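Below is the file upload.txt, which contains compact mmCIF, C-alpha atoms and all ligand atoms.
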```
# COMPACT_ATOMS: atom_id res chain seq x y z
CA MET Q 1 -14.24 -10.91 14.02
CA PRO Q 2 -11.41 -9.11 12.27
CA LEU Q 3 -9.67 -10.81 9.40
CA VAL Q 4 -8.40 -7.69 7.65
CA ASP Q 5 -6.99 -6.90 4.23
CA MET Q 6 -3.26 -7.59 4.57
CA LYS Q 7 -2.30 -4.85 2.12
CA ASP Q 8 -4.17 -2.32 4.26
CA MET Q 9 -2.56 -3.74 7.40
CA LEU Q 10 0.98 -3.50 6.03
CA GLY Q 11 0.19 -0.11 4.47
CA HIS Q 12 -0.50 1.18 7.98
CA THR Q 13 2.61 -0.47 9.35
CA PHE Q 14 4.78 0.98 6.60
CA ARG Q 15 3.40 4.52 7.01
CA GLU Q 16 3.58 4.51 10.81
CA ARG Q 17 7.04 2.88 10.92
CA TYR Q 18 6.62 -0.25 12.94
CA ALA Q 19 6.56 -3.93 11.89
CA VAL Q 20 3.98 -6.67 12.18
CA GLY Q 21 5.29 -10.02 13.36
CA ALA Q 22 4.50 -12.84 10.92
CA PHE Q 23 4.78 -15.74 13.32
CA ASP Q 24 4.93 -19.20 11.75
CA LEU Q 25 2.72 -21.73 13.47
CA VAL Q 26 3.16 -25.50 13.42
CA SER Q 27 0.48 -26.62 15.89
CA LEU Q 28 -2.59 -25.49 17.81
CA ASP Q 29 -0.32 -24.53 20.74
CA PHE Q 30 1.50 -22.06 18.48
CA LEU Q 31 -1.78 -20.75 17.06
CA GLU Q 32 -3.32 -20.12 20.47
CA ALA Q 33 -0.11 -18.62 21.87
CA ILE Q 34 0.39 -16.22 18.94
CA VAL Q 35 -3.19 -14.92 19.05
CA ALA Q 36 -3.09 -14.66 22.86
CA GLY Q 37 0.21 -12.76 22.64
CA ALA Q 38 -1.19 -10.30 20.09
CA GLU Q 39 -4.34 -9.80 22.16
CA ALA Q 40 -2.33 -9.24 25.34
CA ARG Q 41 -0.34 -6.51 23.53
CA CYS Q 42 -3.34 -5.13 21.53
CA ALA Q 43 -1.34 -5.65 18.34
CA PRO Q 44 -2.10 -6.60 14.75
CA VAL Q 45 -0.66 -9.98 13.87
CA ILE Q 46 0.02 -12.24 10.89
CA LEU Q 47 -0.62 -15.94 11.34
CA SER Q 48 1.86 -17.51 8.98
CA LEU Q 49 1.84 -21.08 7.63
CA ALA Q 50 4.98 -22.14 5.76
CA GLU Q 51 4.65 -24.70 2.98
CA SER Q 52 8.01 -26.16 4.07
CA HIS Q 53 6.29 -27.18 7.35
CA PHE Q 54 3.34 -28.99 5.79
CA GLU Q 55 4.92 -32.37 6.56
CA TYR Q 56 4.41 -31.63 10.28
CA TYR Q 57 0.65 -30.91 10.24
CA ASP Q 58 -2.46 -31.25 8.12
CA PHE Q 59 -2.69 -27.91 6.32
CA GLU Q 60 -6.42 -28.17 5.66
CA LEU Q 61 -7.32 -28.96 9.28
CA THR Q 62 -4.92 -26.36 10.64
CA MET Q 63 -6.35 -23.72 8.30
CA ALA Q 64 -9.85 -24.41 9.63
CA ALA Q 65 -8.60 -23.74 13.16
CA THR Q 66 -6.57 -20.71 12.05
CA ALA Q 67 -9.58 -19.13 10.31
CA ALA Q 68 -11.70 -19.77 13.42
CA ALA Q 69 -9.03 -18.20 15.64
CA ALA Q 70 -8.87 -15.14 13.36
CA ARG Q 71 -12.66 -14.71 13.47
CA ARG Q 72 -12.61 -14.93 17.26
CA ALA Q 73 -9.65 -12.61 17.82
CA SER Q 74 -10.14 -9.14 19.25
CA VAL Q 75 -7.15 -7.79 17.26
CA PRO Q 76 -6.73 -7.44 13.47
CA VAL Q 77 -5.37 -10.61 11.90
CA ALA Q 78 -4.16 -11.71 8.47
CA ILE Q 79 -3.51 -15.34 7.48
CA HIS Q 80 -0.51 -15.79 5.25
CA LEU Q 81 0.95 -18.62 3.16
CA ASP Q 82 4.70 -18.47 3.80
CA HIS Q 83 7.16 -19.77 1.14
CA GLY Q 84 4.45 -20.87 -1.30
CA ALA Q 85 6.08 -23.04 -3.97
CA SER Q 86 3.68 -22.80 -6.93
CA SER Q 87 0.48 -21.34 -8.36
CA GLU Q 88 -1.32 -24.52 -7.27
CA SER Q 89 -0.26 -24.17 -3.63
CA VAL Q 90 -1.23 -20.49 -3.66
CA ALA Q 91 -4.71 -21.22 -5.08
CA ARG Q 92 -5.22 -23.99 -2.51
CA ALA Q 93 -4.10 -21.72 0.34
CA ILE Q 94 -6.52 -18.97 -0.74
CA ASN Q 95 -9.36 -21.47 -1.03
CA LEU Q 96 -8.62 -22.68 2.50
CA GLY Q 97 -8.62 -19.17 3.97
CA CYS Q 98 -5.26 -17.41 3.47
CA ASN Q 99 -5.67 -13.71 2.65
CA GLY Q 100 -2.00 -13.06 1.96
CA VAL Q 101 0.40 -15.29 0.03
CA MET Q 102 4.12 -15.49 -0.59
CA VAL Q 103 5.56 -17.01 -3.72
CA ASP Q 104 9.13 -18.10 -3.17
CA ALA Q 105 10.93 -18.54 -6.47
CA SER Q 106 14.04 -16.91 -5.04
CA SER Q 107 16.29 -19.90 -5.78
CA VAL Q 108 15.74 -19.78 -9.57
CA PRO Q 109 17.19 -17.27 -12.07
CA PHE Q 110 15.62 -13.80 -12.31
CA GLU Q 111 13.53 -14.44 -15.45
CA SER Q 112 12.03 -17.67 -14.07
CA ASN Q 113 11.33 -15.95 -10.76
CA VAL Q 114 9.46 -13.21 -12.66
CA THR Q 115 7.44 -15.76 -14.68
CA THR Q 116 6.45 -17.83 -11.63
CA THR Q 117 5.63 -14.72 -9.60
CA CYS Q 118 3.51 -13.18 -12.40
CA ALA Q 119 1.36 -16.33 -12.57
CA VAL Q 120 0.79 -16.22 -8.81
CA VAL Q 121 0.02 -12.48 -8.81
CA GLN Q 122 -2.61 -12.99 -11.50
CA ILE Q 123 -4.40 -15.68 -9.46
CA ALA Q 124 -4.11 -13.97 -6.08
CA HIS Q 125 -5.08 -10.47 -7.21
CA ALA Q 126 -8.17 -11.87 -8.93
CA CYS Q 127 -9.15 -13.07 -5.44
CA GLY Q 128 -8.34 -9.75 -3.74
CA VAL Q 129 -5.29 -11.30 -2.05
CA PRO Q 130 -1.93 -9.45 -1.95
CA VAL Q 131 1.34 -11.17 -2.85
CA GLU Q 132 4.82 -11.13 -1.30
CA GLY Q 133 7.63 -11.99 -3.71
CA GLU Q 134 11.28 -12.62 -2.88
CA LEU Q 135 14.37 -11.47 -4.68
CA GLY Q 136 17.85 -12.51 -3.63
CA TYR Q 137 18.18 -15.62 -1.48
CA VAL Q 138 17.95 -16.01 2.32
CA ALA Q 139 19.75 -19.24 3.23
CA GLY Q 140 19.16 -21.57 6.19
CA VAL Q 141 16.23 -23.60 7.51
CA GLU Q 142 13.73 -22.36 10.08
CA GLY Q 143 14.11 -24.02 13.48
CA GLU Q 144 17.61 -25.42 12.82
CA ASP Q 145 21.23 -24.29 13.19
CA ALA Q 146 21.94 -21.97 10.27
CA GLU Q 147 25.45 -23.34 9.69
CA LYS Q 148 23.99 -26.79 8.96
CA HIS Q 149 22.38 -25.28 5.86
CA PRO Q 150 24.97 -22.83 4.59
CA GLY Q 151 23.44 -22.36 1.10
CA LYS Q 152 24.66 -19.40 -0.85
CA VAL Q 153 23.23 -16.11 0.36
CA VAL Q 154 22.39 -13.88 -2.60
CA TYR Q 155 21.93 -10.24 -1.64
CA THR Q 156 19.00 -8.36 -3.21
CA SER Q 157 20.02 -5.71 -5.71
CA ALA Q 158 18.08 -2.42 -5.67
CA GLU Q 159 18.11 -2.17 -9.48
CA GLU Q 160 16.81 -5.71 -9.99
CA SER Q 161 14.16 -5.28 -7.31
CA CYS Q 162 12.78 -2.27 -9.20
CA ALA Q 163 12.40 -4.32 -12.39
CA TYR Q 164 11.01 -7.29 -10.45
CA VAL Q 165 8.30 -5.28 -8.68
CA GLU Q 166 7.36 -3.42 -11.84
CA ARG Q 167 7.09 -6.57 -13.96
CA THR Q 168 5.34 -8.80 -11.41
CA GLY Q 169 3.10 -6.34 -9.55
CA VAL Q 170 3.90 -7.87 -6.13
CA ASP Q 171 2.58 -5.91 -3.15
CA PHE Q 172 5.45 -6.61 -0.74
CA LEU Q 173 9.04 -7.67 -1.30
CA ALA Q 174 11.11 -10.03 0.83
CA VAL Q 175 14.74 -8.96 0.62
CA SER Q 176 18.03 -10.60 1.41
CA ILE Q 177 20.39 -8.30 3.30
CA GLY Q 178 22.27 -10.74 5.56
CA THR Q 179 19.67 -12.52 7.70
CA VAL Q 180 19.39 -16.32 7.56
CA HIS Q 181 16.61 -18.72 8.51
CA GLY Q 182 17.28 -20.54 11.77
CA ARG Q 183 19.77 -20.17 14.62
CA MET Q 184 22.83 -18.11 13.82
CA ARG Q 185 26.14 -18.36 15.61
CA GLY Q 186 27.56 -14.91 16.44
CA ALA Q 187 26.08 -11.54 15.61
CA PRO Q 188 24.64 -11.27 12.11
CA LYS Q 189 25.95 -8.45 9.91
CA LEU Q 190 23.19 -6.72 8.02
CA ASP Q 191 23.63 -4.51 4.96
CA PHE Q 192 21.49 -1.53 5.97
CA GLU Q 193 22.79 0.65 3.15
CA ARG Q 194 21.45 -1.86 0.67
CA LEU Q 195 18.09 -1.95 2.49
CA ALA Q 196 17.91 1.85 2.48
CA ARG Q 197 18.55 1.93 -1.29
CA ILE Q 198 15.89 -0.70 -1.95
CA ASN Q 199 13.41 1.20 0.20
CA GLU Q 200 14.19 4.43 -1.57
CA VAL Q 201 13.59 3.03 -5.06
CA LEU Q 202 10.59 0.81 -4.27
CA HIS Q 203 8.66 2.50 -1.51
CA ILE Q 204 6.52 -0.58 -0.83
CA PRO Q 205 6.41 -2.61 2.42
CA LEU Q 206 9.54 -4.76 2.71
CA VAL Q 207 9.73 -8.13 4.44
CA ILE Q 208 12.56 -9.69 6.41
CA HIS Q 209 12.87 -13.47 6.62
CA GLY Q 210 15.05 -15.11 9.22
CA GLY Q 211 13.83 -12.74 11.94
CA THR Q 212 15.23 -14.74 14.87
CA GLY Q 213 18.39 -13.65 16.64
CA LEU Q 214 18.90 -9.98 15.78
CA SER Q 215 19.58 -7.22 18.30
CA ASP Q 216 16.82 -4.75 19.22
CA ASP Q 217 18.85 -2.05 17.50
CA GLN Q 218 18.97 -4.11 14.29
CA TYR Q 219 15.19 -4.63 14.35
CA HIS Q 220 14.71 -0.89 14.77
CA LYS Q 221 17.04 -0.11 11.85
CA LEU Q 222 15.19 -2.63 9.67
CA ILE Q 223 11.94 -0.83 10.46
CA GLU Q 224 13.43 2.64 9.87
CA ASN Q 225 14.37 1.42 6.39
CA GLY Q 226 10.98 0.21 5.18
CA THR Q 227 10.56 -3.21 6.81
CA ALA Q 228 6.87 -3.69 7.61
CA LYS Q 229 6.72 -7.45 8.22
CA ILE Q 230 9.23 -9.59 10.09
CA ASN Q 231 9.01 -13.38 9.78
CA TYR Q 232 9.74 -15.08 13.04
CA TYR Q 233 9.77 -18.75 13.94
CA THR Q 234 12.98 -20.34 15.29
CA ALA Q 235 12.94 -18.52 18.63
CA LEU Q 236 9.31 -19.57 19.18
CA ALA Q 237 10.22 -23.20 18.43
CA ASP Q 238 13.21 -22.98 20.77
CA ALA Q 239 11.07 -21.50 23.55
CA ALA Q 240 8.60 -24.38 23.14
CA ALA Q 241 11.32 -27.04 23.03
CA GLY Q 242 13.14 -25.47 26.01
CA ARG Q 243 10.01 -25.73 28.10
CA MET Q 244 9.55 -29.38 27.07
CA ARG Q 245 13.14 -30.15 28.11
CA VAL Q 246 12.52 -28.59 31.54
CA ASN Q 247 9.35 -30.67 31.91
CA MET Q 248 11.30 -33.78 30.95
CA LEU Q 249 14.04 -33.06 33.49
CA ARG Q 250 11.48 -32.45 36.20
CA ASP Q 251 9.70 -35.69 35.50
CA SER Q 252 11.32 -38.19 33.15
CA ARG Q 253 8.09 -40.22 33.14
CA ALA Q 254 5.90 -37.25 32.13
CA GLY Q 255 3.23 -38.09 29.58
CA TYR Q 256 2.22 -35.94 26.60
CA THR Q 257 0.27 -33.36 28.58
CA GLY Q 258 3.02 -33.30 31.21
CA LEU Q 259 5.62 -32.54 28.54
CA MET Q 260 3.44 -29.88 26.93
CA ASN Q 261 2.66 -28.14 30.21
CA GLY Q 262 3.55 -24.45 29.94
CA VAL Q 263 4.61 -24.65 26.27
CA ARG Q 264 1.89 -22.25 25.15
CA GLY Q 265 2.92 -19.73 27.79
CA ALA Q 266 6.57 -19.93 26.71
CA ILE Q 267 5.66 -19.25 23.07
CA GLN Q 268 3.31 -16.44 24.04
CA ALA Q 269 5.98 -14.72 26.15
CA GLU Q 270 8.35 -14.65 23.15
CA VAL Q 271 5.59 -13.39 20.82
CA GLU Q 272 4.81 -10.56 23.25
CA ARG Q 273 8.46 -9.65 23.58
CA MET Q 274 8.87 -9.35 19.82
CA ILE Q 275 5.64 -7.39 19.33
CA GLN Q 276 7.00 -4.88 21.83
CA VAL Q 277 10.38 -4.68 20.06
CA PHE Q 278 8.74 -4.36 16.61
CA GLY Q 279 6.64 -1.42 17.89
CA GLY Q 280 3.32 -3.22 17.25
CA ALA Q 281 1.88 -2.95 20.78
CA ASN Q 282 -1.33 -0.92 21.10
CA ARG Q 283 -1.72 -0.54 17.31
CA ALA Q 284 -4.75 -2.83 16.98
CA GLU Q 285 -7.38 -0.11 17.09
CA ALA Q 286 -5.63 2.08 14.53
CA VAL Q 287 -5.23 -0.87 12.14
CA LEU Q 288 -8.88 -1.82 12.57
CA ALA Q 289 -9.82 1.75 11.62
CA ALA Q 290 -7.46 1.83 8.61
CA ALA Q 291 -7.95 -1.66 7.16
CA ARG Q 292 -10.88 -3.05 5.23
CA ARG Q 293 -12.38 -6.27 6.59
CA PHE Q 294 -11.62 -9.30 4.48
CA ASN Q 295 -15.09 -10.82 4.43
CA PRO Q 296 -16.28 -13.75 2.32
CA VAL Q 297 -19.16 -13.43 -0.12
CA GLU Q 298 -21.87 -16.05 -0.51
CA HIS Q 299 -22.96 -16.58 -4.11
CA VAL Q 300 -26.52 -17.91 -3.76
CA ILE Q 301 -28.61 -19.40 -6.57
CA VAL Q 302 -32.07 -20.88 -6.01
CA TYR Q 303 -33.60 -22.51 -9.07
CA ASN Q 304 -35.95 -24.98 -10.73
CA VAL Q 305 -35.13 -27.22 -13.67
CA ASN Q 306 -36.74 -27.75 -17.06
CA GLY Q 307 -37.53 -31.24 -18.29
CA ILE Q 308 -34.83 -33.29 -16.55
CA GLU Q 309 -35.05 -36.04 -13.94
CA ASP Q 310 -33.90 -35.54 -10.35
CA THR Q 311 -31.04 -38.02 -10.90
CA GLN Q 312 -29.69 -35.78 -13.67
CA VAL Q 313 -29.95 -32.79 -11.34
CA GLU Q 314 -27.82 -34.63 -8.80
CA ASN Q 315 -25.28 -35.53 -11.52
CA ILE Q 316 -24.95 -31.89 -12.49
CA MET Q 317 -24.58 -30.88 -8.85
CA ALA Q 318 -21.88 -33.51 -8.25
CA ARG Q 319 -19.93 -32.30 -11.27
CA GLY Q 320 -20.26 -28.68 -10.13
CA ARG Q 321 -19.11 -29.49 -6.59
CA GLU Q 322 -15.96 -31.01 -8.04
CA VAL Q 323 -15.13 -28.51 -10.80
CA LEU Q 324 -16.18 -25.23 -9.19
CA ALA Q 325 -14.48 -25.88 -5.85
CA ARG Q 326 -11.11 -25.86 -7.61
CA ILE Q 327 -11.49 -22.36 -9.03
CA PRO Q 328 -9.17 -19.93 -7.19
CA GLY Q 329 -11.07 -17.97 -4.57
CA VAL Q 330 -13.82 -20.56 -4.06
CA ARG Q 331 -13.88 -21.59 -0.43
CA ARG Q 332 -16.78 -24.03 -0.50
CA VAL Q 333 -19.48 -25.32 -2.84
CA VAL Q 334 -22.71 -26.58 -1.30
CA THR Q 335 -25.67 -27.88 -3.28
CA GLY Q 336 -29.09 -28.37 -1.72
CA TRP Q 337 -32.62 -29.62 -2.22
CA ALA Q 338 -35.64 -27.85 -0.71
CA VAL Q 339 -36.99 -29.55 2.36
CA SER Q 340 -40.64 -28.38 2.05
CA GLU Q 341 -43.16 -30.16 -0.21
CA GLU Q 342 -44.15 -27.29 -2.54
CA PRO Q 343 -41.22 -24.88 -2.54
CA LYS Q 344 -41.02 -21.92 -4.86
CA TYR Q 345 -37.55 -23.15 -5.81
CA ARG Q 346 -36.50 -26.79 -5.44
CA PHE Q 347 -32.70 -26.53 -5.64
CA CYS Q 348 -29.85 -24.29 -4.55
CA TRP Q 349 -26.15 -23.58 -4.98
CA LEU Q 350 -24.21 -21.88 -2.21
CA VAL Q 351 -20.74 -20.95 -3.41
CA GLU Q 352 -18.57 -19.17 -0.84
CA PHE Q 353 -16.06 -16.73 -2.34
CA ALA Q 354 -12.95 -15.62 -0.47
CA SER Q 355 -13.79 -11.97 -1.10
CA GLN Q 356 -15.85 -9.64 -3.26
CA SER Q 357 -13.17 -9.66 -5.99
CA VAL Q 358 -13.98 -13.29 -6.71
CA ILE Q 359 -17.47 -12.39 -8.02
CA ASP Q 360 -15.88 -11.20 -11.29
CA SER Q 361 -12.99 -13.66 -11.55
CA TYR Q 362 -15.32 -16.64 -10.86
CA ARG Q 363 -17.85 -15.49 -13.45
CA ASP Q 364 -15.14 -15.25 -16.13
CA HIS Q 365 -13.08 -18.31 -15.13
CA PRO Q 366 -12.97 -20.81 -18.03
CA ASP Q 367 -13.98 -23.76 -15.80
CA HIS Q 368 -17.04 -21.88 -14.57
CA VAL Q 369 -17.95 -20.69 -18.08
CA ALA Q 370 -17.65 -24.25 -19.45
CA PHE Q 371 -19.69 -25.76 -16.61
CA ALA Q 372 -22.41 -23.12 -16.86
CA ASN Q 373 -22.69 -23.42 -20.64
CA GLN Q 374 -22.46 -27.19 -20.97
CA TRP Q 375 -24.37 -28.31 -17.89
CA PHE Q 376 -26.21 -25.75 -15.86
CA ARG Q 377 -27.81 -23.17 -18.12
CA SER Q 378 -29.62 -25.62 -20.42
CA ALA Q 379 -31.09 -27.51 -17.43
CA ALA Q 380 -31.96 -24.60 -15.17
CA GLY Q 381 -35.40 -23.02 -15.38
CA ASP Q 382 -36.46 -19.95 -13.43
CA ARG Q 383 -33.91 -18.90 -10.88
CA VAL Q 384 -32.72 -16.15 -8.57
CA SER Q 385 -29.04 -15.38 -8.07
CA ILE Q 386 -27.71 -12.97 -5.41
CA ASP Q 387 -24.27 -12.36 -3.87
CA PHE Q 388 -24.32 -11.69 -0.12
CA ALA Q 389 -21.35 -10.35 1.83
CA HIS Q 390 -20.89 -12.19 5.12
CA VAL Q 391 -21.56 -9.66 7.83
CA THR Q 392 -19.53 -9.82 11.01
CA GLN Q 393 -20.75 -6.51 12.34
CA VAL Q 394 -23.94 -4.47 11.87
CA PRO Q 395 -23.59 -2.44 8.63
CA ALA Q 396 -23.35 1.34 9.15
CA SER Q 397 -26.57 1.82 7.12
CA VAL Q 398 -28.65 0.00 9.76
CA ALA Q 399 -26.66 0.74 12.90
P1 LIG Q 401 13.49 -17.63 11.65
O1 LIG Q 401 13.07 -19.07 11.83
O2 LIG Q 401 14.95 -17.49 11.48
O3 LIG Q 401 12.89 -16.76 12.70
O4 LIG Q 401 12.86 -17.18 10.24
C1 LIG Q 401 11.48 -17.36 10.02
C2 LIG Q 401 11.15 -17.10 8.59
O5 LIG Q 401 11.82 -16.38 7.90
C3 LIG Q 401 9.94 -17.75 8.06
O6 LIG Q 401 9.71 -17.43 6.72
```

Conversion result in structure tokens:
Amino acid sequence: MPLVDMKDMLGHTFRERYAVGAFDLVSLDFLEAIVAGAEARCAPVILSLAESHFEYYDFELTMAATAAAARRASVPVAIHLDHGASSESVARAINLGCNGVMVDASSVPFESNVTTTCAVVQIAHACGVPVEGELGYVAGVEGEDAEKHPGKVVYTSAEESCAYVERTGVDFLAVSIGTVHGRMRGAPKLDFERLARINEVLHIPLVIHGGTGLSDDQYHKLIENGTAKINYYTALADAAAGRMRVNMLRDSRAGYTGLMNGVRGAIQAEVERMIQVFGGANRAEAVLAAARRFNPVEHVIVYNVNGIEDTQVENIMARGREVLARIPGVRRVVTGWAVSEEPKYRFCWLVEFASQSVIDSYRDHPDHVAFANQWFRSAAGDRVSIDFAHVTQVPASVA
């Protein structure tokens, strides 16, 4: 049921001073465990898919499962592209079902970061999808020992972050204040004064990457200073791997299911622990009340054609299926022929938009304009075109 607008979700989090866990998933076990953990704690949750992990799973197939899990969940959910590398990856992620995206151009100079981020913001906002940008650089690699990937941590400057947010229009900002991705040796030192300054000048939800391995007190101080989303992965991966090692020791001849036994439970326990620490438990109902649903819209056209053969109709449909499906915010393009003998309309287009915002951006997109002008409009005869919002609950007007 409740895929919710991520900006509304984090707006609530930011106002009420708690954080939503953005848990990176790398398999169905992670997906099921994260949703089960959020449901057990009645908490909003962000299902996060990091582009750097795409070599470990099929993004398209995993997104289908993630979207299904979000629809089925009893708690408010957002689906987020983590560490998106380019405008192309962001558009693909939105078309596959993400309703929040991060663009990570944090390793390039300020001006290039601004240019890349602006391009992403333009695409995502036209689809009704909020954007997380990053300024400064959080070193390390998720799931590994941080010292193996020392990198050069670049702390976020409050002055630069003001200019960055103003020029790019990002909705949330990931900041670098001393955390690293992956396992850290020793206690991390965080620059809370810097975070407080950034929060004071920006006043938008802030994001912390490298969430694993901090003390409860550090998490609380992050939240007190404007952190609304905490990215968390390594500890979940370690919990899963730890359970597999135990299974292996218990039975060195264990097969796949034997090795995976209890892995989901181990991940879920860690998710629940962090939800509790982040203050997200029992917030689901309040977020559902405060956040708009993020529902797709079906753009439906039924039509007849004027003076062209059926083979030409199919050619036009095939071209449309290819060209239109690539427009940002288009989830699916289906073309159809009437089944009955004497239908009022013989053909249809069903174009699923990610959200209501896509109605306008699709209409004006140059690829749609070119296709409609060169191919569709001259061939189409009488037609009816209506946009329907997918309804996941009875509208108030008829309840
Ligand atoms: P950890 O793996 O250190 O928890 O960080 C996760 C993260 O920041 C994903 O973007």

Give me the residues of chain Q that have any atom at most 8 Å from an atom of ligand LIG 401 (chain Q); for each, the nearest atom pair and the distance in Å, rounded to one decimal. Use only C-alpha atoms and all ligand atoms, sort by chain and number, and format it as a tab-separated table.
```
residue	atom	partner	partner_atom	distance
Q:Ala22	CA	Q:LIG401	C3	7.9
Q:Phe23	CA	Q:LIG401	C3	7.6
Q:Asp24	CA	Q:LIG401	C3	6.4
Q:Ala50	CA	Q:LIG401	O6	6.7
Q:Asp82	CA	Q:LIG401	O6	5.9
Q:His83	CA	Q:LIG401	O6	6.6
Q:Gly140	CA	Q:LIG401	O2	7.9
Q:Val141	CA	Q:LIG401	O1	7.0
Q:Glu142	CA	Q:LIG401	O1	3.8
Q:Gly143	CA	Q:LIG401	O1	5.3
Q:Glu144	CA	Q:LIG401	O1	7.9
Q:Thr179	CA	Q:LIG401	O2	7.8
Q:Val180	CA	Q:LIG401	O2	6.0
Q:His181	CA	Q:LIG401	O2	3.6
Q:Gly182	CA	Q:LIG401	O2	3.8
Q:Arg183	CA	Q:LIG401	O2	6.3
Q:Ile208	CA	Q:LIG401	O5	6.9
Q:His209	CA	Q:LIG401	O5	3.3
Q:Gly210	CA	Q:LIG401	O4	3.2
Q:Gly211	CA	Q:LIG401	O3	4.2
Q:Thr212	CA	Q:LIG401	O3	3.8
Q:Gly213	CA	Q:LIG401	O2	7.3
Q:Ile230	CA	Q:LIG401	O5	7.6
Q:Asn231	CA	Q:LIG401	C2	4.5
Q:Tyr232	CA	Q:LIG401	O3	3.6
Q:Tyr233	CA	Q:LIG401	O3	3.9
Q:Thr234	CA	Q:LIG401	O1	3.7
Q:Ala235	CA	Q:LIG401	O3	6.2
Q:Leu236	CA	Q:LIG401	O3	7.9
```

Minimum-distance residue to Leu214 (chain Q), chosen among Q:Ala105, Q:Ile198, Q:Leu190, Q:Ala139 (using all atoms listed in the file):
Q:Leu190

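Rounded to one decimal, CA of Tyr303 (chain Q) and CA of Val384 (chain Q) lie 6.4 Å from each other.
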
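For the pair CA of Phe388 (chain Q) and CA of His299 (chain Q), the interatomic distance is 6.5 Å.
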
Nearest residue to Val20 (chain Q) from the set Q:Gly262, Q:Pro328, Q:Pro44, Q:Gly128 (distances using only C-alpha atoms):
Q:Pro44

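Taking CA of Glu160 (chain Q) as the reference point, CA of Phe110 (chain Q) is found at 8.5 Å.
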
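Take the candidates Q:Gly21, Q:Gly258, Q:Gly279, Q:Pro130 and check each one against Glu224 (chain Q) using all atoms listed in the file; the shortest distance goes to Q:Gly279.
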
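Compared by their closest atoms to Glu132 (chain Q), and using all atoms listed in the file, the residues Q:Val120, Q:Leu249, Q:Val339, Q:Leu96 rank with Q:Val120 nearest.
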
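Comparing Q:Val305, Q:Ala269, Q:Val334, Q:Ala286 by their smallest distance to Ala318 (chain Q), the closest is Q:Val334 (using all atoms listed in the file).
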
Would you kindly return, as a short mmCIF file (atom, residue, chain, number, x, y, z; two decimals) with C-alpha atoms, keeping the file's coordinate frame, each protein, DNA or RNA residue with an atom no farther than 10 Å from any atom of Gly265 (chain Q), considering all atoms listed in the file and excluding same-chain residues fewer than 4 positions away?
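Saved to around.cif:
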```cif
data_model
loop_
_atom_site.label_atom_id
_atom_site.label_comp_id
_atom_site.auth_asym_id
_atom_site.auth_seq_id
_atom_site.Cartn_x
_atom_site.Cartn_y
_atom_site.Cartn_z
CA ASP Q 29 -0.32 -24.53 20.74
CA PHE Q 30 1.50 -22.06 18.48
CA GLU Q 32 -3.32 -20.12 20.47
CA ALA Q 33 -0.11 -18.62 21.87
CA ILE Q 34 0.39 -16.22 18.94
CA ALA Q 36 -3.09 -14.66 22.86
CA GLY Q 37 0.21 -12.76 22.64
CA ALA Q 239 11.07 -21.50 23.55
CA ALA Q 240 8.60 -24.38 23.14
CA ARG Q 243 10.01 -25.73 28.10
CA ASN Q 261 2.66 -28.14 30.21
CA ALA Q 269 5.98 -14.72 26.15
CA GLU Q 270 8.35 -14.65 23.15
CA VAL Q 271 5.59 -13.39 20.82
#
```
